[in-house]
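This is coords.txt. It holds compact mmCIF, C-alpha atoms.
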```txt
# COMPACT_ATOMS: atom_id res chain seq x y z
CA MET A 68 20.61 -16.01 5.63
CA LYS A 69 17.33 -16.94 7.27
CA ARG A 70 16.95 -13.37 8.56
CA ALA A 71 17.47 -11.95 5.05
CA ILE A 72 14.87 -14.32 3.59
CA MET A 73 12.34 -13.35 6.27
CA ARG A 74 13.04 -9.66 5.62
CA ASN A 75 12.44 -10.14 1.90
CA VAL A 76 9.19 -12.01 2.57
CA GLN A 77 8.10 -9.15 4.84
CA ASN A 78 8.96 -6.67 2.10
CA VAL A 79 6.87 -8.57 -0.46
CA ILE A 80 3.93 -8.74 1.94
CA PHE A 81 4.21 -5.01 2.65
CA LEU A 82 4.39 -4.10 -1.04
CA LEU A 83 1.34 -6.24 -1.82
CA TYR A 84 -0.47 -4.81 1.21
CA THR A 85 0.28 -1.30 -0.05
CA PHE A 86 -1.37 -2.11 -3.37
CA VAL A 87 -4.43 -3.75 -1.81
CA SER A 88 -4.94 -0.98 0.74
CA GLY A 89 -4.48 1.68 -1.94
CA VAL A 90 -7.18 0.09 -4.09
CA PHE A 91 -9.47 -0.22 -1.06
CA TYR A 92 -9.05 3.43 -0.01
CA LEU A 93 -9.62 4.71 -3.52
CA CYS A 94 -12.77 2.63 -4.03
CA PHE A 95 -14.16 3.18 -0.55
CA TYR A 96 -13.76 6.95 -0.47
CA MET A 97 -14.63 7.52 -4.11
CA VAL A 98 -17.88 5.56 -3.90
CA SER A 99 -18.84 6.78 -0.41
CA ILE A 100 -18.19 10.47 -1.03
CA VAL A 101 -19.88 10.50 -4.43
CA LEU A 102 -22.85 8.61 -3.00
CA GLY A 103 -23.02 10.91 0.03
CA LEU A 104 -22.86 14.03 -2.15
CA GLY A 105 -25.42 12.58 -4.56
CA LEU A 106 -27.81 11.87 -1.70
CA SER A 107 -27.09 15.09 0.19
CA PHE A 108 -30.46 16.53 -0.80
CA THR A 109 -32.12 13.68 1.12
CA VAL A 110 -31.90 12.87 4.81
CA VAL A 111 -29.41 10.04 4.16
CA GLY A 112 -26.56 11.87 2.38
CA ILE A 113 -25.12 14.09 5.11
CA PRO A 114 -25.06 11.37 7.81
CA LEU A 115 -23.41 9.05 5.28
CA LEU A 116 -20.69 11.62 4.57
CA THR A 117 -20.25 12.22 8.29
CA ASN A 118 -19.73 8.55 9.06
CA VAL A 119 -17.37 8.12 6.11
CA LEU A 120 -15.23 11.02 7.29
CA ARG A 121 -15.11 9.54 10.79
CA THR A 122 -13.34 6.48 9.34
CA THR A 123 -10.31 8.53 8.30
CA GLN A 124 -8.80 8.51 11.77
CA ILE A 125 -9.18 4.72 12.03
CA PHE A 126 -7.56 4.10 8.64
CA VAL A 127 -4.71 6.54 9.28
CA GLN A 128 -3.93 4.84 12.60
CA HIS A 129 -4.07 1.46 10.83
CA GLU A 130 -1.50 2.71 8.30
CA ARG A 131 0.75 3.81 11.16
CA ILE A 132 0.60 0.35 12.75
CA GLN A 133 1.31 -1.46 9.46
CA THR A 134 4.25 0.83 8.78
CA LYS A 135 5.68 0.09 12.23
CA ILE A 136 5.25 -3.68 11.80
CA TYR A 137 6.79 -3.98 8.34
CA THR A 138 9.31 -1.12 8.14
CA ASP A 139 10.14 -0.51 11.80
CA ILE A 140 9.48 3.23 11.32
CA SER A 141 7.92 4.69 14.45
CA ILE A 142 5.34 7.44 14.05
CA GLU A 143 3.57 9.08 16.95
CA PRO A 144 -0.18 8.42 16.91
CA LEU A 145 -2.61 11.21 16.25
CA ALA A 146 -4.52 12.60 19.18
CA THR A 147 -8.01 11.18 19.30
CA ARG A 148 -10.65 13.66 18.31
CA GLN A 149 -13.73 14.14 20.39
CA ARG A 150 -17.12 14.23 18.76
CA ALA A 151 -18.78 17.61 18.68
CA GLU A 152 -21.48 18.29 21.23
CA GLY A 153 -25.04 18.76 20.11
CA ASN A 154 -27.46 17.06 17.78
CA GLN A 155 -26.62 15.00 14.73
CA TRP A 156 -26.55 18.01 12.37
CA LYS A 157 -24.05 19.92 14.52
CA GLN A 158 -21.83 16.84 14.64
CA ALA A 159 -22.14 16.48 10.86
CA LYS A 160 -21.15 20.12 10.36
CA ALA A 161 -18.12 19.67 12.62
CA GLU A 162 -16.97 16.55 10.71
CA LEU A 163 -17.53 18.10 7.29
CA MET A 164 -15.72 21.33 8.22
CA ASP A 165 -12.71 19.56 9.79
CA VAL A 166 -9.86 20.03 7.32
CA ARG A 167 -7.91 17.08 8.77
CA ASN A 168 -10.60 14.69 7.53
CA TRP A 169 -10.27 15.92 3.96
CA ILE A 170 -6.47 15.91 4.11
CA SER A 171 -6.60 12.31 5.36
CA VAL A 172 -8.92 11.31 2.52
CA TYR A 173 -6.57 12.93 0.01
CA TRP A 174 -3.47 11.13 1.35
CA LEU A 175 -5.24 7.78 1.69
CA MET A 176 -6.63 7.94 -1.85
CA LYS A 177 -3.22 8.97 -3.19
CA LYS A 178 -1.89 5.70 -1.82
CA PHE A 179 -3.51 3.98 -4.83
CA VAL A 180 -0.81 5.37 -7.14
CA ILE A 181 1.93 4.33 -4.74
CA GLY A 182 0.30 0.91 -4.43
CA CYS A 183 0.34 0.39 -8.21
CA ILE A 184 4.00 1.38 -8.39
CA SER A 185 4.89 -0.90 -5.47
CA LEU A 186 3.06 -3.83 -7.09
CA VAL A 187 4.95 -3.48 -10.36
CA ILE A 188 8.31 -2.97 -8.69
CA GLY A 189 7.64 -5.74 -6.16
CA VAL A 190 6.92 -8.23 -8.93
CA LEU A 191 9.99 -7.16 -10.89
CA ILE A 192 12.44 -7.30 -8.00
CA TYR A 193 11.10 -10.25 -6.01
CA ILE A 194 9.02 -12.52 -8.26
CA ALA A 195 11.00 -12.29 -11.52
CA PRO A 196 14.31 -13.49 -9.99
CA ILE A 197 12.54 -16.50 -8.48
CA CYS A 198 11.08 -17.31 -11.90
CA PHE A 199 14.58 -17.09 -13.38
CA VAL A 200 15.94 -19.48 -10.74
CA VAL A 201 13.36 -22.20 -11.47
CA THR A 202 13.93 -22.03 -15.23
CA PRO A 203 16.02 -25.26 -15.35
CA LEU A 204 13.11 -27.14 -13.79
CA LEU A 205 10.48 -25.72 -16.12
CA TYR A 206 12.06 -25.40 -19.56
CA PRO A 207 11.68 -29.10 -20.54
CA TYR A 208 7.93 -28.91 -19.92
CA LEU A 209 7.09 -25.35 -20.97
CA GLU A 210 8.06 -23.26 -23.94
CA LEU A 211 10.04 -20.46 -22.31
CA THR A 212 11.60 -17.44 -23.95
CA PHE A 213 13.99 -14.92 -22.47
CA PHE A 214 14.11 -11.61 -24.34
CA GLU A 215 12.70 -13.40 -27.40
CA ILE A 216 15.40 -16.10 -27.24
CA ARG A 217 13.95 -19.56 -26.80
CA VAL A 218 15.28 -21.48 -23.79
CA ASP A 219 16.01 -24.90 -25.24
CA SER A 220 19.25 -26.08 -23.63
CA ASP A 221 20.61 -26.79 -20.19
CA LEU A 222 23.34 -24.20 -20.65
CA MET A 223 20.85 -21.45 -21.46
CA ALA A 224 18.64 -22.46 -18.49
CA LEU A 225 21.64 -22.43 -16.13
CA GLN A 226 22.69 -18.99 -17.37
CA ILE A 227 19.20 -17.65 -16.67
CA MET A 228 19.24 -19.33 -13.26
CA SER A 229 22.58 -17.70 -12.38
CA LEU A 230 21.17 -14.34 -13.50
CA GLY A 231 18.23 -14.98 -11.16
CA PHE A 232 20.57 -15.52 -8.20
CA ILE A 233 22.49 -12.34 -9.00
CA LEU A 234 19.23 -10.39 -9.27
CA MET A 235 18.03 -11.82 -5.94
CA ILE A 236 21.05 -10.39 -4.17
CA GLY A 237 20.93 -6.98 -5.86
CA CYS A 238 17.19 -6.57 -5.80
CA SER A 239 17.01 -7.33 -2.10
CA MET A 240 18.74 -4.02 -1.37
CA ILE A 241 16.46 -2.18 -3.80
CA GLY A 242 13.41 -3.74 -2.12
CA ASN A 243 14.55 -2.64 1.33
CA GLY A 244 14.98 0.91 0.06
CA LEU A 245 11.55 0.91 -1.58
CA VAL A 246 9.86 -0.30 1.60
CA GLN A 247 11.58 2.47 3.55
CA LEU A 248 10.33 5.03 1.00
CA ILE A 249 6.76 3.84 1.41
CA GLY A 250 7.17 4.03 5.18
CA GLY A 251 8.38 7.60 4.67
CA TYR A 252 5.17 8.30 2.76
CA THR A 253 3.18 7.35 5.85
CA ARG A 254 5.35 9.69 7.93
CA LEU A 255 4.66 12.53 5.44
CA MET A 256 0.95 11.78 5.64
CA PHE A 257 1.02 12.19 9.43
CA LYS A 258 2.96 15.47 9.17
CA ALA A 259 0.38 16.84 6.73
CA ILE A 260 -2.55 15.83 8.97
CA ARG A 261 -0.96 17.36 12.10
CA ARG A 262 -0.56 20.82 10.54
```

How does the structure come out when it is put into structure tokens?
Amino acid sequence: MKRAIMRNVQNVIFLLYTFVSGVFYLCFYMVSIVLGLGLSFTVVGIPLLTNVLRTTQIFVQHERIQTKIYTDISIEPLATRQRAEGNQWKQAKAELMDVRNWISVYWLMKKFVIGCISLVIGVLIYIAPICFVVTPLLYPYLELTFFEIRVDSDLMALQIMSLGFILMIGCSMIGNGLVQLIGGYTRLMFKAIRR
């Protein structure tokens, strides 16, 4: 029982982490790339783009580690890339022309959509059943409705609580499957980058 509860807590943390990291990647790369392209006619733009593209390898490796911790899916790390020899402009050209950087940006930014889906599903399958279970404690103090039916009796509150327990059991399996799917997304991302 304790193991199942810990697994469900890990799943909730991973689903929330997926949403937060997806928002971060979208904002970070959208703002940085647009700013770098907008300033590319100055001396600042190209080095900014170069440094932003260098972060892709760090973030992709971070995703691999988080996937291993929360889903127990092992993915081989990417080989570390060496910086190009020469001055700053040759290094910038090498980073900008490396297709793996742009593929990584695409997959990391796409994680925003998956993060939004995981947030909604995570709330529905983990938070909603808990809210149903505590209904008998809350209905005397709050005005609660369940599918537009007002909860105003002990019997109704106990029925909702029993529904919450049933949903907890069923949704636990759904949550485990969802977390494995998101871990599979990370595996697909690594396959696309290695090509």

Query - Near-Leu234 of chain A list (10 Å; only C-alpha atoms; drop same-chain fewer than 4 positions) as a PyMOL selection string - result: chain A and resi 191-193+195-197+199-200+228-230+238-239

Between A:Ile194, A:Arg167, A:Gly182, A:Phe213, which residue has the minimum interatomic distance to Arg262 of chain A, considering all atoms listed in the file?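 Counting all atoms listed in the file, the residue closest to Arg262 of chain A is A:Arg167.
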
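Atom pair atom CA of Leu255 of chain A / atom CA of Arg70 of chain A has a distance of 28.8 Å (rounded to one decimal).
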
Problem set entry | Contacts of Val172 of chain A at 12 Å (only C-alpha atoms; same-chain gap of 6+ positions) as an NGL selection string | :A and (89 or 92-97 or 99-100 or 116 or 119-127 or 163 or 165-166 or 178-179 or 256 or 259-260)

Could you check the closest approach to Lys160 of chain A for each of A:Gly103, A:Gly244, A:Pro207, A:Pro114 and tell me which residue wins, using all atoms listed in the file?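 Result for the nearest residue to Lys160 of chain A: A:Pro114.
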